[in-house]
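Novice: Here you go, final_19.tsv (TSV, C-alpha atoms and all ligand atoms):
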```
chain	number	residue	atom	x	y	z
A	1	MET	CA	0.00	0.00	0.00
A	2	LEU	CA	1.06	3.56	-0.67
A	3	ALA	CA	3.00	4.95	2.31
A	4	ASP	CA	0.83	8.05	2.28
A	5	LEU	CA	-2.28	5.92	2.54
A	6	GLU	CA	-0.90	4.05	5.53
A	7	LYS	CA	-0.14	7.32	7.29
A	8	LEU	CA	-3.55	8.66	6.41
A	9	LEU	CA	-5.22	5.55	7.81
A	10	ILE	CA	-3.38	6.12	11.09
A	11	LEU	CA	-4.50	9.75	11.05
A	12	GLN	CA	-8.07	8.73	10.32
A	13	ASP	CA	-7.98	6.31	13.26
A	14	ARG	CA	-6.82	9.09	15.56
A	15	ASP	CA	-9.39	11.50	14.17
A	16	ARG	CA	-12.11	8.95	14.82
A	17	ARG	CA	-10.93	8.59	18.39
A	18	LEU	CA	-10.88	12.39	18.78
A	19	ILE	CA	-14.39	12.75	17.38
A	20	ARG	CA	-15.66	10.01	19.70
A	21	LEU	CA	-13.98	11.56	22.74
A	22	ARG	CA	-15.32	15.02	21.91
A	23	ALA	CA	-18.82	13.58	21.67
A	24	GLU	CA	-18.37	11.84	25.02
A	25	VAL	CA	-17.16	15.07	26.65
A	26	ALA	CA	-20.12	16.94	25.16
A	27	ASP	CA	-22.43	14.28	26.58
A	28	VAL	CA	-21.37	14.98	30.18
A	29	GLU	CA	-23.18	18.31	30.51
A	30	PRO	CA	-26.63	16.96	29.50
A	31	GLN	CA	-26.14	14.18	32.08
A	32	ARG	CA	-25.43	16.83	34.70
A	33	ARG	CA	-28.52	18.77	33.69
A	34	LEU	CA	-30.60	15.59	33.90
A	35	ALA	CA	-29.32	14.79	37.41
A	36	ASN	CA	-30.07	18.35	38.52
A	37	ALA	CA	-33.51	18.27	36.90
A	38	HIS	CA	-34.45	15.09	38.79
A	39	ARG	CA	-33.34	16.66	42.05
A	40	THR	CA	-35.24	19.90	41.33
A	41	ALA	CA	-38.39	17.94	40.47
A	42	ALA	CA	-38.14	16.01	43.76
A	43	ASP	CA	-37.58	19.28	45.66
A	44	GLN	CA	-40.64	20.84	44.05
A	45	GLU	CA	-42.77	17.79	44.79
A	46	ALA	CA	-41.71	17.71	48.43
A	47	ASP	CA	-42.40	21.42	48.71
A	48	ALA	CA	-45.83	21.14	47.10
A	49	ALA	CA	-46.75	18.22	49.40
A	50	LYS	CA	-45.64	20.22	52.43
A	51	GLN	CA	-47.64	23.25	51.30
A	52	ALA	CA	-50.74	21.06	50.86
A	53	SER	CA	-50.35	19.78	54.44
A	54	LEU	CA	-49.89	23.30	55.77
A	55	ARG	CA	-52.98	24.52	53.94
A	56	LEU	CA	-55.07	21.71	55.44
A	57	GLU	CA	-53.59	22.31	58.87
A	58	SER	CA	-54.53	25.99	58.74
A	59	GLU	CA	-57.99	25.06	57.47
A	60	ARG	CA	-58.37	22.71	60.44
A	61	LYS	CA	-57.36	25.52	62.81
A	62	ARG	CA	-59.75	27.94	61.13
A	63	LEU	CA	-62.63	25.49	61.65
A	64	GLU	CA	-61.58	25.00	65.26
A	65	LEU	CA	-61.60	28.74	65.87
A	66	GLU	CA	-64.94	29.05	64.19
A	67	VAL	CA	-66.37	26.40	66.52
A	68	GLU	CA	-64.93	28.33	69.48
A	69	SER	CA	-66.51	31.53	68.27
A	70	LYS	CA	-69.90	29.81	67.79
A	71	LYS	CA	-69.64	28.43	71.33
A	72	GLU	CA	-68.88	31.92	72.63
A	73	GLN	CA	-71.89	33.23	70.77
A	74	ILE	CA	-74.06	30.54	72.35
A	75	SER	CA	-72.84	31.59	75.81
A	76	LYS	CA	-73.57	35.20	74.93
A	77	TYR	CA	-77.07	34.41	73.73
A	78	ALA	CA	-77.71	32.25	76.81
A	79	ALA	CA	-76.63	35.14	79.06
A	80	GLN	CA	-78.94	37.47	77.16
A	81	GLN	CA	-81.78	34.99	77.63
A	82	TRP	CA	-81.29	35.25	81.41
A	83	GLN	CA	-81.55	39.01	81.20
A	84	THR	CA	-84.51	39.33	78.91
A	85	ARG	CA	-88.06	39.55	80.12
A	86	LYS	CA	-89.75	39.50	76.75
A	87	ASN	CA	-90.93	36.11	75.62
A	88	GLU	CA	-90.36	36.89	71.95
A	89	ASP	CA	-86.78	37.99	72.60
A	90	TYR	CA	-86.22	34.77	74.50
A	91	LYS	CA	-87.56	32.77	71.57
A	92	ALA	CA	-85.45	34.72	69.10
A	93	LEU	CA	-82.35	34.01	71.18
A	94	SER	CA	-83.29	30.31	71.39
A	95	HIS	CA	-83.49	30.31	67.63
A	96	GLU	CA	-80.04	31.93	67.38
A	97	ILE	CA	-78.62	29.33	69.77
A	98	GLU	CA	-80.11	26.53	67.66
A	99	THR	CA	-78.60	28.08	64.52
A	100	CYS	CA	-75.19	28.20	66.22
A	101	LYS	CA	-75.49	24.56	67.32
A	102	ARG	CA	-76.33	23.49	63.79
A	103	ALA	CA	-73.37	25.46	62.51
A	104	ILE	CA	-71.13	23.71	65.06
A	105	ARG	CA	-72.34	20.29	63.89
A	106	ASP	CA	-71.56	21.32	60.28
A	107	LEU	CA	-68.15	22.59	61.33
A	108	ASP	CA	-67.45	19.33	63.18
A	109	ASP	CA	-68.27	17.36	60.03
A	110	GLN	CA	-65.99	19.62	58.02
A	111	GLN	CA	-63.25	19.17	60.58
A	112	ILE	CA	-63.48	15.39	60.34
A	113	ALA	CA	-63.20	15.58	56.55
A	114	VAL	CA	-60.23	17.95	56.79
A	115	MET	CA	-58.53	15.71	59.36
A	116	GLU	CA	-58.83	12.76	56.98
A	117	GLN	CA	-57.40	14.82	54.12
A	118	LEU	CA	-54.65	16.06	56.39
A	119	GLU	CA	-53.68	12.55	57.39
A	120	ALA	CA	-53.42	11.52	53.74
A	121	ALA	CA	-51.53	14.71	52.88
A	122	GLU	CA	-49.03	14.11	55.66
A	123	LYS	CA	-48.41	10.59	54.40
A	124	ARG	CA	-47.83	11.99	50.91
A	125	SER	CA	-45.56	14.64	52.32
A	126	ALA	CA	-43.49	12.06	54.23
A	127	ALA	CA	-43.17	9.95	51.07
A	128	ALA	CA	-42.19	13.02	49.05
A	129	LEU	CA	-39.55	13.90	51.63
A	130	GLU	CA	-38.14	10.40	51.44
A	131	ALA	CA	-38.12	10.61	47.63
A	132	GLN	CA	-36.43	13.99	47.86
A	133	ARG	CA	-33.72	12.61	50.15
A	134	LYS	CA	-33.09	9.76	47.72
A	135	ALA	CA	-33.11	12.08	44.69
A	136	ARG	CA	-30.56	14.34	46.38
A	137	ASP	CA	-28.30	11.39	47.19
A	138	ASP	CA	-28.62	10.08	43.63
A	139	ALA	CA	-27.94	13.49	42.12
A	140	LYS	CA	-24.89	13.95	44.32
A	141	LYS	CA	-23.49	10.58	43.20
A	142	GLN	CA	-24.32	11.25	39.56
A	143	LEU	CA	-22.69	14.67	39.64
A	144	GLU	CA	-19.58	13.20	41.23
A	145	GLN	CA	-19.50	10.56	38.50
A	146	CYS	CA	-19.92	13.26	35.85
A	147	ASP	CA	-16.97	15.19	37.30
A	148	LEU	CA	-14.80	12.07	37.35
A	149	ALA	CA	-15.83	11.08	33.83
A	150	GLU	CA	-15.20	14.56	32.52
A	151	ALA	CA	-11.74	14.76	34.09
A	152	ARG	CA	-10.85	11.34	32.65
A	153	LEU	CA	-12.21	12.22	29.21
A	154	ARG	CA	-10.44	15.58	29.12
A	155	LYS	CA	-7.15	13.85	29.90
A	156	GLN	CA	-7.82	11.28	27.15
A	157	LEU	CA	-8.81	14.08	24.80
A	158	ALA	CA	-5.57	15.97	25.43
A	159	ASP	CA	-3.57	12.79	24.74
A	160	ALA	CA	-5.65	12.08	21.63
A	161	GLU	CA	-5.04	15.61	20.35
A	162	THR	CA	-1.29	15.17	20.75
A	163	ALA	CA	-1.42	11.79	19.01
A	164	ARG	CA	-3.50	13.30	16.22
A	165	ALA	CA	-1.05	16.16	15.74
A	166	GLU	CA	1.81	13.66	15.52
A	167	ALA	CA	-0.04	11.58	12.93
A	168	ALA	CA	-0.91	14.69	10.92
A	169	ALA	CA	2.73	15.85	10.98
A	170	ALA	CA	3.77	12.52	9.44
A	171	VAL	CA	1.49	12.96	6.43
A	172	ASP	CA	2.80	14.57	3.22
A	173	PRO	CA	1.89	18.29	3.52
A	174	LEU	CA	0.58	18.21	-0.04
A	175	VAL	CA	-1.82	15.38	0.76
A	176	LEU	CA	-2.93	16.57	4.20
A	177	PRO	CA	-5.17	19.47	3.00
A	178	ARG	CA	-7.06	17.04	0.75
A	179	TYR	CA	-7.64	14.77	3.70
A	180	GLU	CA	-8.66	17.65	5.97
A	181	ARG	CA	-11.15	18.95	3.42
A	182	ILE	CA	-12.88	15.57	3.12
A	183	LEU	CA	-12.83	15.19	6.92
A	184	LYS	CA	-14.59	18.53	7.24
A	185	ASN	CA	-17.20	17.74	4.60
A	186	ARG	CA	-17.73	14.03	5.10
A	187	GLY	CA	-16.97	13.36	8.74
A	188	ASP	CA	-14.72	10.58	9.95
A	189	LYS	CA	-15.05	8.40	6.84
A	190	VAL	CA	-12.33	9.93	4.70
A	191	LEU	CA	-10.53	6.81	3.50
A	192	VAL	CA	-12.83	4.06	2.39
A	193	GLY	CA	-12.22	0.61	1.06
A	194	VAL	CA	-13.25	-0.64	-2.35
A	195	GLU	CA	-15.56	-3.59	-1.89
A	196	ARG	CA	-16.96	-5.43	-4.89
A	197	GLY	CA	-16.26	-2.53	-7.16
A	198	VAL	CA	-18.16	0.10	-5.17
A	199	CYS	CA	-16.96	3.00	-3.04
A	200	GLY	CA	-17.13	2.06	0.65
A	201	GLY	CA	-18.34	5.56	1.46
A	202	CYS	CA	-21.13	6.38	-0.98
A	203	HIS	CA	-21.56	2.88	-2.50
A	204	MET	CA	-21.44	4.18	-6.04
A	205	LYS	CA	-20.08	1.76	-8.64
A	206	LEU	CA	-16.53	2.69	-9.61
A	207	VAL	CA	-15.11	2.61	-13.12
A	208	ARG	CA	-12.68	-0.19	-13.85
A	209	GLN	CA	-9.66	2.07	-14.23
A	210	ASP	CA	-10.19	3.65	-10.78
A	211	ILE	CA	-10.36	0.19	-9.24
A	212	ILE	CA	-7.18	-0.89	-10.94
A	213	ASN	CA	-5.42	2.32	-9.91
A	214	THR	CA	-6.57	1.85	-6.33
A	215	GLN	CA	-5.31	-1.74	-6.37
A	216	ASN	CA	-1.98	-0.69	-7.78
A	217	SER	CA	-1.70	2.04	-5.15
A	218	LEU	CA	0.45	4.27	-7.29
A	219	GLU	CA	-1.44	7.37	-6.29
A	220	ILE	CA	-4.36	8.26	-4.06
A	221	ILE	CA	-7.58	7.82	-6.01
A	222	ASN	CA	-10.65	9.78	-4.98
A	223	CYS	CA	-14.15	8.45	-5.51
A	224	PRO	CA	-15.52	10.47	-8.46
A	225	ASN	CA	-18.89	10.66	-6.72
A	226	CYS	CA	-18.23	11.51	-3.05
A	227	GLY	CA	-14.57	12.54	-3.28
A	228	ARG	CA	-13.42	10.18	-0.50
A	229	MET	CA	-10.02	8.57	-0.76
A	230	LEU	CA	-10.13	4.96	-1.86
A	231	PHE	CA	-7.86	2.24	-0.60
A	232	PHE	CA	-7.47	-1.45	-1.08
A	233	THR	CA	-6.23	-4.25	1.15
A	234	PRO	CA	-5.67	-7.83	0.00
A	235	ASP	CA	-8.64	-9.09	2.00
A	236	MET	CA	-10.99	-6.88	0.01
A	237	ASP	CA	-12.99	-8.33	-2.79
A	238	VAL	CA	-12.60	-6.02	-5.76
A	239	ARG	CA	-14.61	-8.04	-8.24
A	240	PRO	CA	-17.37	-5.77	-9.43
A	241	HIS	CA	-21.03	-6.58	-8.94
A	242	ASP	CA	-22.55	-8.40	-11.88
A	301	ZN	ZN	-17.81	7.49	-2.94
```
Would you write the structure of this file as structure tokens?
Specialist:
Amino acid sequence: MLADLEKLLILQDRDRRLIRLRAEVADVEPQRRLANAHRTAADQEADAAKQASLRLESERKRLELEVESKKEQISKYAAQQWQTRKNEDYKALSHEIETCKRAIRDLDDQQIAVMEQLEAAEKRSAAALEAQRKARDDAKKQLEQCDLAEARLRKQLADAETARAEAAAAVDPLVLPRYERILKNRGDKVLVGVERGVCGGCHMKLVRQDIINTQNSLEIINCPNCGRMLFFTPDMDVRPHD
């Protein structure tokens, strides 16, 4: 094989590694965001559950106070009954007392309902707190893992960049720009094999002379369709398709 091709294949290998490492580094930040998002969601849920409990608790207190105030009113009406001499006033006050008693029974029923809701809300709140604790632990671990992974990847990336620069320096400076241009336009498949008479990159059928030239490896042949560099190794089957 042409020496240039061998050097280019090494360069392509290193470029592929670089591209893979860069993608892995870029993937760390979304993982961090995901870990933080899970934690934030758990925080919000725990907070909402706590607020729901607090609302019910204050509703329960409000009902309690209302019962107290109705009881006070009853005492007041009863005292007025003692003082009044008019029968109709007495009856009116009795009616007021009855109304207050009915209101107290209603309030008691409401209190029971609120207590039941409160009990359920407190259970939900406890579960949400537990979930929050777990989510925070998980997020902490995940973020630590992200930091470790990023540090490791950045080290690998730095090494890969050095290795890439070394491989690029070994390539003929007249050939390198051609390679770089294809890399930029076509991604990490710059050099492709010739299998069964087609380009390994775009799969277009190649003309016989290009196949022969590739086999002979006298110069670097580009695919006339996609422009990639073609190469041949003895294990490749160059017989064209029928
Ligand atoms: Zn092609």
Novice: Please provide the set of residues having any atom within 7 Å of stretch 118-126 of chain A, restricted to all atoms listed in the file, with same-chain residues fewer than 3 positions apart removed, written as a PDB file with C-alpha atoms, keeping the file's coordinate frame.
Specialist:
```
ATOM      1  CA  ALA A  46     -41.710  17.710  48.430  1.00  0.00           C
ATOM      2  CA  ALA A  49     -46.750  18.220  49.400  1.00  0.00           C
ATOM      3  CA  LYS A  50     -45.640  20.220  52.430  1.00  0.00           C
ATOM      4  CA  ALA A  52     -50.740  21.060  50.860  1.00  0.00           C
ATOM      5  CA  SER A  53     -50.350  19.780  54.440  1.00  0.00           C
ATOM      6  CA  LEU A  56     -55.070  21.710  55.440  1.00  0.00           C
ATOM      7  CA  GLU A  57     -53.590  22.310  58.870  1.00  0.00           C
ATOM      8  CA  VAL A 114     -60.230  17.950  56.790  1.00  0.00           C
ATOM      9  CA  MET A 115     -58.530  15.710  59.360  1.00  0.00           C
ATOM     10  CA  LEU A 129     -39.550  13.900  51.630  1.00  0.00           C
ATOM     11  CA  GLU A 130     -38.140  10.400  51.440  1.00  0.00           C
TER      12      GLU A 130
END
```
Novice: Can you tell me which residues sit at most 9 Å away from ligand ZN 301 (chain A), counting all atoms listed in the file, written as a PyMOL selection string?
Specialist: chain A and resi 192+198-206+222-230
Novice: Applying 12 Å and only C-alpha atoms, which residues near A:Arg178 remain after dropping the ones on its own chain fewer than 4 positions away? List them as a short mmCIF file (atom, residue, chain, number, x, y, z; two decimals) with C-alpha atoms, in the coordinates of the input.
Specialist:
```cif
data_model
loop_
_atom_site.label_atom_id
_atom_site.label_comp_id
_atom_site.auth_asym_id
_atom_site.auth_seq_id
_atom_site.Cartn_x
_atom_site.Cartn_y
_atom_site.Cartn_z
CA LEU A 8 -3.55 8.66 6.41
CA VAL A 171 1.49 12.96 6.43
CA ASP A 172 2.80 14.57 3.22
CA PRO A 173 1.89 18.29 3.52
CA LEU A 174 0.58 18.21 -0.04
CA ILE A 182 -12.88 15.57 3.12
CA LEU A 183 -12.83 15.19 6.92
CA LYS A 184 -14.59 18.53 7.24
CA ASN A 185 -17.20 17.74 4.60
CA ARG A 186 -17.73 14.03 5.10
CA VAL A 190 -12.33 9.93 4.70
CA LEU A 191 -10.53 6.81 3.50
CA ILE A 220 -4.36 8.26 -4.06
CA ILE A 221 -7.58 7.82 -6.01
CA ASN A 222 -10.65 9.78 -4.98
CA GLY A 227 -14.57 12.54 -3.28
CA ARG A 228 -13.42 10.18 -0.50
CA MET A 229 -10.02 8.57 -0.76
#
```
Novice: Please compute the atom CA of A:Asp108-atom CA of A:Tyr90 distance, one decimal, in Å.
Specialist: 26.8 Å
Novice: For A:Asp106, which residue out of A:Gly197, A:Arg22, A:Val67, A:Leu5 is the nearest one, using all atoms listed in the file?
Specialist: A:Val67
Novice: Enter the distance from atom CA of A:Arg152 to atom CA of A:Asp188, in Å, rounded to one decimal.
Specialist: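 Going from atom CA of A:Arg152 over to atom CA of A:Asp188 covers 23.0 Å.
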Novice: Which one is closest to A:Ala35: A:Thr214, A:Arg164, A:Gln142, A:Gly187? Count all atoms listed in the file.
Specialist: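 Of A:Thr214, A:Arg164, A:Gln142, A:Gly187, the one nearest A:Ala35 is A:Gln142, counting all atoms listed in the file.
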Novice: Quick check, in Å to one decimal: how far apart do atom CA of A:Tyr77 and atom CA of A:Arg60 lie?
Specialist: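 Separation of atom CA of A:Tyr77 and atom CA of A:Arg60: 25.8 Å.
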Novice: Show me, as JSON, numbers by chain, the residues that have an atom within 10 Å of stretch 153-159 of chain A when counting only C-alpha atoms, minus same-chain residues fewer than 5 positions from it.
Specialist: {"A": [17, 18, 19, 20, 21, 22, 24, 25, 28, 147, 148, 164, 165]}
Novice: Those residues with C-alpha atoms, as a compact mmCIF listing (two decimals), keeping the file's coordinate frame please?
Specialist:
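Resulting contents of again_38.txt:
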```txt
# COMPACT_ATOMS: atom_id res chain seq x y z
CA ARG A 17 -10.93 8.59 18.39
CA LEU A 18 -10.88 12.39 18.78
CA ILE A 19 -14.39 12.75 17.38
CA ARG A 20 -15.66 10.01 19.70
CA LEU A 21 -13.98 11.56 22.74
CA ARG A 22 -15.32 15.02 21.91
CA GLU A 24 -18.37 11.84 25.02
CA VAL A 25 -17.16 15.07 26.65
CA VAL A 28 -21.37 14.98 30.18
CA ASP A 147 -16.97 15.19 37.30
CA LEU A 148 -14.80 12.07 37.35
CA ARG A 164 -3.50 13.30 16.22
CA ALA A 165 -1.05 16.16 15.74
```
Novice: For the point (-33.0, 10.7, 46.1) in file coordinates, what residues are within 12 Å, counting all atoms listed in the file? Give the answer as a list in words?
Specialist: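 Every polymer residue passing the test: Ala35, Asn36, Ala37, His38, Arg39, Thr40, Ala41, Ala42, Asp43, Ala46, Ala127, Ala128, Leu129, Glu130, Ala131, Gln132, Arg133, Lys134, Ala135, Arg136, Asp137, Asp138, Ala139, Lys140, Lys141 and Gln142 of chain A.
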Novice: Taking C-alpha atoms for each residue, export the selection above as an mmCIF file, in the coordinates of the input.
Specialist:
```cif
data_model
loop_
_atom_site.group_PDB
_atom_site.id
_atom_site.type_symbol
_atom_site.label_atom_id
_atom_site.label_comp_id
_atom_site.auth_asym_id
_atom_site.auth_seq_id
_atom_site.Cartn_x
_atom_site.Cartn_y
_atom_site.Cartn_z
ATOM 1 C CA ALA A 35 -29.320 14.790 37.410
ATOM 2 C CA ASN A 36 -30.070 18.350 38.520
ATOM 3 C CA ALA A 37 -33.510 18.270 36.900
ATOM 4 C CA HIS A 38 -34.450 15.090 38.790
ATOM 5 C CA ARG A 39 -33.340 16.660 42.050
ATOM 6 C CA THR A 40 -35.240 19.900 41.330
ATOM 7 C CA ALA A 41 -38.390 17.940 40.470
ATOM 8 C CA ALA A 42 -38.140 16.010 43.760
ATOM 9 C CA ASP A 43 -37.580 19.280 45.660
ATOM 10 C CA ALA A 46 -41.710 17.710 48.430
ATOM 11 C CA ALA A 127 -43.170 9.950 51.070
ATOM 12 C CA ALA A 128 -42.190 13.020 49.050
ATOM 13 C CA LEU A 129 -39.550 13.900 51.630
ATOM 14 C CA GLU A 130 -38.140 10.400 51.440
ATOM 15 C CA ALA A 131 -38.120 10.610 47.630
ATOM 16 C CA GLN A 132 -36.430 13.990 47.860
ATOM 17 C CA ARG A 133 -33.720 12.610 50.150
ATOM 18 C CA LYS A 134 -33.090 9.760 47.720
ATOM 19 C CA ALA A 135 -33.110 12.080 44.690
ATOM 20 C CA ARG A 136 -30.560 14.340 46.380
ATOM 21 C CA ASP A 137 -28.300 11.390 47.190
ATOM 22 C CA ASP A 138 -28.620 10.080 43.630
ATOM 23 C CA ALA A 139 -27.940 13.490 42.120
ATOM 24 C CA LYS A 140 -24.890 13.950 44.320
ATOM 25 C CA LYS A 141 -23.490 10.580 43.200
ATOM 26 C CA GLN A 142 -24.320 11.250 39.560
#
```
